[in-house]
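Enquirer: Structure supplied as entry.cif; contents: mmCIF, C-alpha atoms.
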data_entry
loop_
_atom_site.label_atom_id
_atom_site.label_comp_id
_atom_site.auth_asym_id
_atom_site.auth_seq_id
_atom_site.Cartn_x
_atom_site.Cartn_y
_atom_site.Cartn_z
CA MET L 356 2.17 1.02 -36.74
CA THR L 357 5.93 0.75 -36.41
CA LYS L 358 8.66 -1.79 -36.93
CA ARG L 359 8.36 -2.69 -33.24
CA THR L 360 4.86 -4.11 -33.75
CA PRO L 361 5.10 -7.93 -33.46
CA TYR L 362 5.21 -9.83 -36.76
CA LEU L 363 4.76 -6.64 -38.81
CA TYR L 364 7.38 -5.88 -41.46
CA PRO L 365 7.42 -2.85 -43.79
CA ASP L 366 8.96 -3.21 -47.21
CA ALA L 367 9.17 -1.05 -50.32
CA ASP L 368 8.34 -2.15 -53.84
CA ARG L 369 10.47 -1.25 -56.87
CA HIS L 370 8.68 2.10 -57.13
CA GLY L 371 9.52 3.03 -53.53
CA ASN L 372 5.98 2.52 -52.23
CA GLN L 373 5.84 1.14 -48.70
CA ARG L 374 4.06 -2.15 -48.16
CA LEU L 375 3.19 -3.91 -44.92
CA TYR L 376 3.47 -7.65 -44.33
CA PHE L 377 2.37 -9.84 -41.44
CA LYS L 378 4.71 -12.79 -40.85
CA PRO L 379 4.92 -14.80 -37.60
CA PRO L 380 7.68 -17.44 -37.35
CA GLY L 381 7.00 -20.48 -39.49
CA HIS L 382 4.24 -18.84 -41.50
CA LYS L 383 3.94 -17.36 -44.95
CA LYS L 384 4.17 -13.62 -45.46
CA THR L 385 0.71 -12.02 -45.72
CA ARG L 386 0.29 -8.65 -47.42
CA ILE L 387 -1.72 -5.98 -45.57
CA ARG L 388 -3.32 -4.09 -48.44
CA PHE L 389 -3.87 -0.81 -46.64
CA ALA L 390 -1.65 2.22 -46.10
CA ALA L 391 0.51 2.23 -42.99
CA GLY L 392 -0.96 4.19 -40.11
CA THR L 393 -4.57 3.91 -41.26
CA LYS L 394 -7.43 2.43 -39.23
CA GLU L 395 -7.95 -0.17 -41.96
CA ALA L 396 -4.33 -1.35 -41.70
CA LYS L 397 -4.58 -1.62 -37.92
CA ALA L 398 -7.84 -3.57 -38.15
CA GLU L 399 -6.36 -6.00 -40.69
CA TYR L 400 -3.25 -6.45 -38.53
CA ASN L 401 -5.40 -7.25 -35.49
CA ARG L 402 -7.44 -9.73 -37.54
CA LEU L 403 -4.33 -11.58 -38.72
CA LYS L 404 -2.81 -11.56 -35.25
CA ASP L 405 -5.97 -13.04 -33.73
CA LEU L 406 -6.08 -15.64 -36.50
CA TYR L 407 -2.45 -16.57 -35.82
CA GLU L 408 -2.98 -16.86 -32.06
CA GLN L 409 -5.97 -19.14 -32.66
CA GLY L 410 -3.90 -21.38 -34.91
CA GLY L 411 -5.84 -20.54 -38.07
CA LEU L 412 -3.08 -18.90 -40.09
CA GLN L 413 -1.54 -21.02 -42.83
CA GLN L 414 1.94 -22.27 -42.05
CA SER L 415 4.82 -22.21 -44.49
CA SER L 416 5.09 -25.35 -46.61
CA GLN L 417 8.90 -25.24 -46.21
CA ILE L 418 8.79 -26.38 -42.59
CA LYS L 419 9.96 -29.96 -42.24
CA THR L 420 7.39 -32.18 -40.56
CA ASP L 421 10.00 -33.75 -38.26
CA SER L 422 11.38 -30.42 -37.00
CA MET L 423 10.95 -28.62 -33.69
CA GLU L 424 9.43 -25.69 -35.54
CA TRP L 425 6.71 -27.91 -36.98
CA LEU L 426 5.99 -29.59 -33.63
CA LEU L 427 5.80 -26.38 -31.61
CA ASN L 428 3.61 -24.71 -34.23
CA ARG L 429 1.27 -27.71 -34.10
CA TYR L 430 1.13 -27.46 -30.31
CA MET L 431 0.36 -23.72 -30.44
CA ALA L 432 -2.47 -24.42 -32.88
CA SER L 433 -4.00 -27.11 -30.65
CA SER L 434 -7.01 -26.66 -28.37
CA THR L 435 -4.77 -27.66 -25.45
CA PHE L 436 -2.71 -24.51 -26.02
CA THR L 437 -5.51 -22.13 -27.01
CA ASN L 438 -7.47 -23.01 -23.85
CA LEU L 439 -4.65 -21.78 -21.63
CA SER L 440 -4.90 -18.40 -19.90
CA HIS L 441 -3.84 -15.37 -21.94
CA ASN L 442 -0.68 -14.73 -19.90
CA THR L 443 0.43 -18.37 -20.06
CA LYS L 444 -0.05 -18.47 -23.84
CA LEU L 445 1.87 -15.23 -24.25
CA GLN L 446 4.78 -16.46 -22.14
CA ARG L 447 5.03 -19.86 -23.84
CA ARG L 448 4.68 -18.41 -27.32
CA ASN L 449 7.60 -16.05 -26.60
CA PHE L 450 9.77 -18.95 -25.42
CA PHE L 451 8.88 -21.11 -28.41
CA GLU L 452 9.49 -18.38 -30.99
CA ARG L 453 12.94 -17.62 -29.54
CA PHE L 454 13.72 -21.34 -29.40
CA ILE L 455 12.63 -21.84 -33.03
CA LYS L 456 14.99 -19.12 -34.26
CA VAL L 457 17.98 -21.20 -33.08
CA HIS L 458 16.73 -24.79 -32.93
CA GLY L 459 13.75 -24.77 -35.28
CA GLN L 460 15.32 -27.19 -37.77
CA THR L 461 16.36 -29.71 -35.08
CA MET L 462 14.45 -32.99 -35.35
CA PHE L 463 12.11 -33.18 -32.37
CA ALA L 464 12.78 -36.91 -32.00
CA ALA L 465 16.50 -36.18 -31.64
CA LEU L 466 16.22 -33.40 -29.04
CA THR L 467 17.77 -34.48 -25.73
CA ALA L 468 17.53 -33.38 -22.12
CA LYS L 469 21.12 -32.18 -22.43
CA ASP L 470 20.16 -29.89 -25.32
CA LEU L 471 17.34 -28.36 -23.30
CA ALA L 472 19.54 -27.99 -20.22
CA LYS L 473 21.97 -25.86 -22.26
CA VAL L 474 19.14 -23.50 -23.23
CA ARG L 475 17.94 -23.41 -19.61
CA ASP L 476 21.41 -22.51 -18.34
CA ALA L 477 21.71 -19.62 -20.80
CA LEU L 478 18.58 -17.98 -19.35
CA PRO L 479 18.02 -16.17 -16.05
CA ARG L 480 16.86 -18.50 -13.27
CA PHE L 481 13.12 -17.91 -13.48
CA SER L 482 13.13 -17.71 -17.28
CA GLY L 483 14.99 -21.01 -17.40
CA ARG L 484 12.46 -22.57 -15.07
CA ASN L 485 9.49 -21.36 -17.11
CA PHE L 486 11.15 -22.39 -20.39
CA ILE L 487 11.52 -25.99 -19.21
CA LYS L 488 7.92 -26.02 -17.95
CA SER L 489 6.79 -24.78 -21.37
CA MET L 490 8.74 -27.49 -23.19
CA ARG L 491 7.43 -30.15 -20.81
CA ALA L 492 3.89 -29.09 -21.69
CA ALA L 493 4.59 -29.18 -25.44
CA TYR L 494 6.14 -32.67 -25.30
CA LYS L 495 3.38 -33.94 -23.00
CA TRP L 496 0.84 -32.88 -25.63
CA ALA L 497 2.94 -34.41 -28.42
CA SER L 498 3.12 -37.76 -26.59
CA LEU L 499 -0.64 -38.12 -26.10
CA PRO L 500 -2.00 -41.26 -27.84
CA GLU L 501 -4.26 -39.09 -30.01
CA ASN L 502 -1.17 -37.29 -31.34
CA GLY L 503 1.62 -39.85 -31.07
CA TYR L 504 4.41 -37.61 -32.37
CA VAL L 505 6.94 -38.67 -29.71
CA ASP L 506 7.37 -41.57 -27.30
CA SER L 507 9.13 -39.71 -24.50
CA ASN L 508 9.41 -36.27 -22.94
CA PRO L 509 13.06 -35.10 -22.78
CA ALA L 510 12.07 -31.96 -20.87
CA ALA L 511 10.75 -34.09 -18.01
CA ALA L 512 14.32 -35.21 -17.31
CA VAL L 513 15.64 -31.64 -17.02
CA ALA L 514 15.86 -30.26 -13.50
CA LEU L 515 13.98 -27.06 -12.79
CA PRO L 516 15.95 -24.18 -11.24
CA SER L 517 14.70 -23.42 -7.77
CA GLY L 518 11.60 -21.26 -7.67
CA ALA L 519 11.97 -20.47 -3.98
CA THR L 520 11.98 -16.77 -3.12
CA LYS L 521 10.97 -14.59 -0.22
CA GLY L 522 7.90 -13.80 -2.29
CA HIS L 523 5.93 -10.59 -2.35
CA GLN L 524 6.04 -8.70 0.91
CA ARG L 525 2.71 -8.60 2.72
CA TRP L 526 1.18 -5.21 3.44
CA THR L 527 0.36 -4.34 7.03
CA LEU L 528 -2.82 -2.47 7.85
CA GLU L 529 -0.62 0.56 8.55
CA ASP L 530 0.81 0.26 5.02
CA VAL L 531 -2.69 0.19 3.55
CA LEU L 532 -3.73 3.29 5.49
CA GLN L 533 -0.52 5.09 4.51
CA PHE L 534 -1.23 4.41 0.81
CA ARG L 535 -4.85 5.46 1.24
CA ASP L 536 -3.96 8.74 2.95
CA HIS L 537 -1.31 9.61 0.34
CA TYR L 538 -3.84 9.84 -2.50
CA PRO L 539 -7.15 11.72 -2.69
CA GLN L 540 -10.42 9.83 -2.65
CA PHE L 541 -11.74 8.82 -6.11
CA SER L 542 -8.22 9.05 -7.60
CA VAL L 543 -7.20 6.11 -9.79
CA GLN L 544 -4.67 5.11 -7.12
CA ARG L 545 -7.28 4.92 -4.36
CA LYS L 546 -9.73 3.07 -6.61
CA ALA L 547 -7.03 0.54 -7.50
CA LEU L 548 -6.25 -0.01 -3.81
CA ALA L 549 -9.92 -0.50 -2.96
CA CYS L 550 -10.57 -2.88 -5.85
CA LEU L 551 -7.57 -5.03 -4.94
CA LEU L 552 -8.23 -5.08 -1.19
CA PHE L 553 -12.01 -5.45 -1.23
CA THR L 554 -12.24 -8.07 -3.99
CA ALA L 555 -9.11 -10.06 -2.96
CA ARG L 556 -8.36 -10.61 -6.66
CA GLU L 557 -5.09 -10.52 -8.52
CA ILE L 558 -4.36 -7.28 -10.34
CA SER L 559 -5.07 -8.95 -13.69
CA GLY L 560 -8.53 -9.75 -12.34
CA VAL L 561 -9.44 -6.21 -11.30
CA ARG L 562 -7.96 -4.49 -14.37
CA THR L 563 -11.21 -4.60 -16.39
CA LEU L 564 -13.78 -4.76 -13.59
CA GLY L 565 -16.78 -2.43 -13.92
CA ARG L 566 -20.48 -2.05 -13.23
CA ALA L 567 -21.40 -4.69 -15.82
CA ASP L 568 -19.64 -7.34 -13.71
CA VAL L 569 -22.04 -6.82 -10.80
CA ARG L 570 -25.15 -9.00 -10.54
CA ASN L 571 -27.38 -9.24 -7.46
CA GLY L 572 -24.81 -7.61 -5.24
CA MET L 573 -21.99 -9.95 -6.33
CA ILE L 574 -18.95 -9.17 -8.50
CA ARG L 575 -18.68 -12.02 -10.96
CA GLY L 576 -15.45 -13.27 -12.47
CA TYR L 577 -12.78 -15.93 -12.74
CA ARG L 578 -9.08 -16.09 -12.01
CA GLN L 579 -7.33 -15.80 -15.35
CA LYS L 580 -4.66 -18.36 -14.50
CA THR L 581 -6.81 -21.21 -13.18
CA TRP L 582 -10.36 -20.19 -14.21
CA ALA L 583 -11.44 -20.71 -10.60
CA ASP L 584 -14.63 -18.87 -9.63
CA ALA L 585 -13.65 -15.51 -8.08
CA THR L 586 -17.14 -14.15 -7.35
CA THR L 587 -17.21 -11.90 -4.27
CA PRO L 588 -19.81 -9.56 -2.70
CA VAL L 589 -19.83 -5.82 -3.36
CA LEU L 590 -18.61 -4.46 -0.02
CA SER L 591 -19.93 -1.10 1.12
CA LEU L 592 -16.34 0.07 1.61
CA LEU L 593 -15.67 -0.57 -2.08
CA LYS L 594 -18.78 1.36 -3.16
CA ASP L 595 -17.77 4.26 -0.91
CA GLU L 596 -14.28 4.36 -2.44
CA LEU L 597 -15.63 4.25 -6.00
CA GLY L 598 -18.33 6.85 -5.38
CA GLU L 599 -20.01 7.94 -8.61
CA CYS L 600 -17.48 5.84 -10.54
CA TYR L 601 -19.32 2.71 -9.33
CA GLY L 602 -21.52 3.01 -12.42
CA ASP L 603 -18.57 3.24 -14.83
CA ARG L 604 -17.76 0.61 -17.45
CA ILE L 605 -14.20 0.36 -16.09
CA TRP L 606 -13.48 1.20 -12.46
CA ILE L 607 -9.69 1.51 -12.79
CA ALA L 608 -9.40 3.44 -16.03
CA LYS L 609 -6.88 5.62 -17.82
CA GLY L 610 -7.74 9.19 -18.75
CA ASN L 611 -9.48 8.00 -21.92
CA GLY L 612 -11.74 5.64 -19.99
CA GLU L 613 -9.96 2.49 -21.21
CA PRO L 614 -8.34 -0.12 -18.93
CA PHE L 615 -4.62 -0.24 -18.31
CA SER L 616 -2.70 -3.01 -20.08
CA VAL L 617 -1.84 -6.30 -18.38
CA LYS L 618 1.79 -5.22 -18.00
CA SER L 619 1.40 -1.55 -17.17
CA LEU L 620 -1.05 -1.71 -14.26
CA PRO L 621 1.15 -3.84 -11.94
CA GLN L 622 4.11 -1.58 -12.72
CA ARG L 623 2.08 1.56 -12.11
CA PHE L 624 0.69 0.24 -8.83
CA SER L 625 4.21 -0.52 -7.57
CA SER L 626 5.30 3.00 -8.55
CA TRP L 627 2.27 4.46 -6.74
CA ALA L 628 3.30 2.54 -3.64
CA THR L 629 6.85 3.88 -3.94
CA ARG L 630 5.54 7.45 -4.13
CA ALA L 631 3.62 6.77 -0.93
CA GLU L 632 6.97 5.78 0.67
CA LEU L 633 6.08 2.08 0.52
CA LYS L 634 8.93 0.96 -1.72
CA GLY L 635 9.01 -2.75 -2.47
CA LEU L 636 5.29 -3.34 -1.91
CA THR L 637 3.29 -4.77 -4.81
CA ALA L 638 -0.30 -5.50 -5.76
CA HIS L 639 0.20 -9.22 -5.14
CA GLY L 640 1.57 -8.49 -1.69
CA LEU L 641 -1.70 -6.71 -0.95
CA ARG L 642 -3.66 -9.81 -1.97
CA LYS L 643 -1.52 -11.93 0.35
CA SER L 644 -2.39 -9.55 3.19
CA VAL L 645 -6.07 -10.42 2.79
CA GLY L 646 -5.25 -14.06 3.52
CA THR L 647 -3.17 -13.06 6.53
CA ILE L 648 -5.93 -10.82 7.96
CA LEU L 649 -8.52 -13.60 7.58
CA ALA L 650 -6.18 -16.12 9.25
CA ASP L 651 -5.46 -13.73 12.12
CA LEU L 652 -9.22 -13.38 12.62
CA GLY L 653 -9.41 -17.15 13.04
CA PHE L 654 -11.17 -18.07 9.80
CA SER L 655 -10.79 -21.59 8.41
CA GLU L 656 -8.76 -22.73 5.44
CA ASN L 657 -11.99 -23.22 3.48
CA THR L 658 -13.00 -19.60 4.04
CA ILE L 659 -9.59 -18.33 2.96
CA MET L 660 -9.64 -20.61 -0.08
CA ALA L 661 -13.03 -19.22 -1.11
CA ALA L 662 -12.07 -15.59 -0.54
CA LEU L 663 -8.83 -15.89 -2.53
CA SER L 664 -10.23 -18.30 -5.15
CA HIS L 665 -7.64 -20.99 -4.42
CA GLU L 666 -8.32 -24.46 -5.79
CA SER L 667 -6.15 -26.30 -3.25
CA ALA L 668 -5.79 -25.96 0.50
CA SER L 669 -1.98 -25.71 0.43
CA SER L 670 -1.84 -21.94 -0.02
CA ALA L 671 -4.59 -21.31 2.54
CA GLN L 672 -2.75 -23.55 5.01
CA LEU L 673 0.26 -21.23 4.86
CA TYR L 674 -1.84 -18.30 6.08
CA VAL L 675 -3.42 -20.36 8.88
CA GLN L 676 -0.06 -21.81 9.92
CA GLY L 677 1.46 -18.32 9.96
CA ALA L 678 -1.32 -17.00 12.19
CA ASN L 679 -1.10 -20.03 14.50
CA LYS L 680 2.68 -19.66 14.71
CA GLN L 681 2.36 -16.04 15.80
CA ARG L 682 -0.21 -16.94 18.47
CA LEU L 683 1.94 -19.80 19.78
CA ALA L 684 5.07 -17.63 19.67
CA ARG L 685 3.28 -14.97 21.72
CA LEU L 686 2.11 -17.54 24.29
CA GLY L 687 5.58 -19.09 24.52
CA MET L 688 7.46 -15.82 24.89
CA GLU L 689 4.98 -14.49 27.45
CA ALA L 690 5.44 -17.70 29.47
CA LEU L 691 9.21 -17.21 29.23
CA GLU L 692 8.85 -13.70 30.58
CA VAL L 693 6.78 -14.90 33.56
CA GLU L 694 9.29 -17.60 34.39
CA VAL L 695 12.37 -15.40 34.11
CA SER L 696 11.07 -12.06 35.39
CA HIS L 697 11.22 -12.89 39.12
CA ILE L 698 14.88 -13.89 38.77
CA TRP L 699 15.73 -11.09 36.36
CA LYS L 700 14.59 -8.42 38.80
CA VAL L 701 16.45 -9.81 41.85
CA GLY L 702 18.86 -7.23 43.18
CA LYS L 703 17.64 -4.63 40.73
CA PRO L 704 17.12 -1.18 42.26
#
Turn the structure described in the file into structure tokens.

Expert:
Amino acid sequence: MTKRTPYLYPDADRHGNQRLYFKPPGHKKTRIRFAAGTKEAKAEYNRLKDLYEQGGLQQSSQIKTDSMEWLLNRYMASSTFTNLSHNTKLQRRNFFERFIKVHGQTMFAALTAKDLAKVRDALPRFSGRNFIKSMRAAYKWASLPENGYVDSNPAAAVALPSGATKGHQRWTLEDVLQFRDHYPQFSVQRKALACLLFTAREISGVRTLGRADVRNGMIRGYRQKTWADATTPVLSLLKDELGECYGDRIWIAKGNGEPFSVKSLPQRFSSWATRAELKGLTAHGLRKSVGTILADLGFSENTIMAALSHESASSAQLYVQGANKQRLARLGMEALEVEVSHIWKVGKP
């Protein structure tokens, strides 16, 4: 363990002996009564961290019950927060802890939209957008009749920075084949490509997939963000790409057989694409290509929704509209060519 480990603080007693303490924001300092670097110390740290994330760690009695620190800690200890996806909880907790360091003693009833807008404007565009969404969620929970801590939601009055972007670039079939041919079969890169393409899941959803997830020829699972059912069939192409690794506990594993972390696998996959001379292509762009291929083949919005585990038709409609637009554009431009060609060629040798 090091000083960079979240909420872990080393300290020395008057005899110079090092002690370890676990202290998240707004909570009392808890002594870890094991030597630094031992398995026992790591296990105790993990136990306290899990307890904190589940809202079961005792908060400091010095926190004022009308402060932002108190309110946000109450929200993070609620079932509403703990039932969120892991990534959403991690993101919101990071925002709240940074906010508490500066504004923790502010009375939550006195916080205004103007105050929140200043914090938003000090952050990069997407961070500002996600910060306001996090605060909206916290105040929405606080205003529920069963809680009744506030009567209004100041974050609801704060404008969100635009979230519009070009998005992740879709892979073409030629891009997929170029990536495939760059790496040997059964390499971790090829297995990652196959798992992403032939399950149509997000990279967070394939990170821990393995033989235990397969039942009756179907790969079970849920999208981590929405908990939508993401069950898909085991395609023969996927089994061929996995080979003997199909029976492994983790299909996309590091050298020690363990899964990559939530943050490292997307970064690694992008770097693998760059090495294959596909710079700028990402794992999510590959998932989007599945929707495009299905739309080009003429499948319905319902089929695309099911394959990609979307809960609304809006995303699937984009793929269908894109495919229809290309077909109509082809018909229109070919008609233009027919109409113009007989004039265009007049007098031409």

Enquirer: Of the residues L:Arg480, L:Arg578, L:Lys419, L:Arg402, which is the one nearest to Gln460 (chain L), using only C-alpha atoms?

Expert: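 Closest to Gln460 (chain L) of all the choices is L:Lys419.
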
Enquirer: Measuring between only C-alpha atoms, which one of L:Leu515, L:Ile659, L:Val505, L:Leu590 shows the shortest distance to Phe481 (chain L)?

Expert: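 For Phe481 (chain L), the nearest of the given residues is L:Leu515.
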
Enquirer: Between CA of Ala497 (chain L) and CA of Leu427 (chain L), what distance in Å does the model show, to one decimal?

Expert: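 So the two atoms, CA of Ala497 (chain L) and CA of Leu427 (chain L), lie 9.1 Å apart.
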
Enquirer: Out of L:His523, L:Arg453, L:Lys546, L:Arg429, which residue has the shortest atom-to-atom distance to Tyr494 (chain L) when counting all atoms listed in the file?

Expert: L:Arg429

Enquirer: In Å, rounded to a single decimal, give me how far CA of Thr527 (chain L) is from CA of Leu593 (chain L).

Expert: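 It comes out at 18.8 Å.
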
Enquirer: Out of L:Ser433, L:Ser644, L:Ser616, L:Thr393, which residue has the shortest atom-to-atom distance to Asn502 (chain L) when counting all atoms listed in the file?

Expert: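 Looking at the shortest contact to Asn502 (chain L), the residue is L:Ser433.
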
Enquirer: Show which residues sit within 10 Å of Ala465 (chain L), as a PyMOL selection string. Count all atoms listed in the file, and ignore same-chain residues fewer than 6 positions away.

Expert: chain L and resi 421-423+509

Enquirer: Check the smallest atom-to-atom distance from each of L:Arg570, L:Arg642, L:Arg623, L:His537 to Thr554 (chain L) using only C-alpha atoms, then report the winner.

Expert: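 Residue with the minimum atom-to-atom distance to Thr554 (chain L): L:Arg642.
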
Enquirer: Would you mind telling me which residue in L:Asp476, L:Asp584, L:Glu399, L:Glu501 lies nearest to Thr385 (chain L) when using all atoms listed in the file?

Expert: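 Answer, going by the shortest atom-to-atom distance: L:Glu399.
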
Enquirer: Could you list, as a PyMOL selection string, every residue within 10 Å of Gly483 (chain L), counting only C-alpha atoms and ignoring same-chain residues fewer than 3 positions away?

Expert: chain L and resi 450+471-480+486-489+515-517

Enquirer: Could you pull the residues within 7 Å of Pro365 (chain L), counting all atoms listed in the file, minus those fewer than 4 positions along the same chain, as a list in words?

Expert: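 The residues satisfying every condition are Gln373, Arg374, Leu375 and Tyr376 of chain L.
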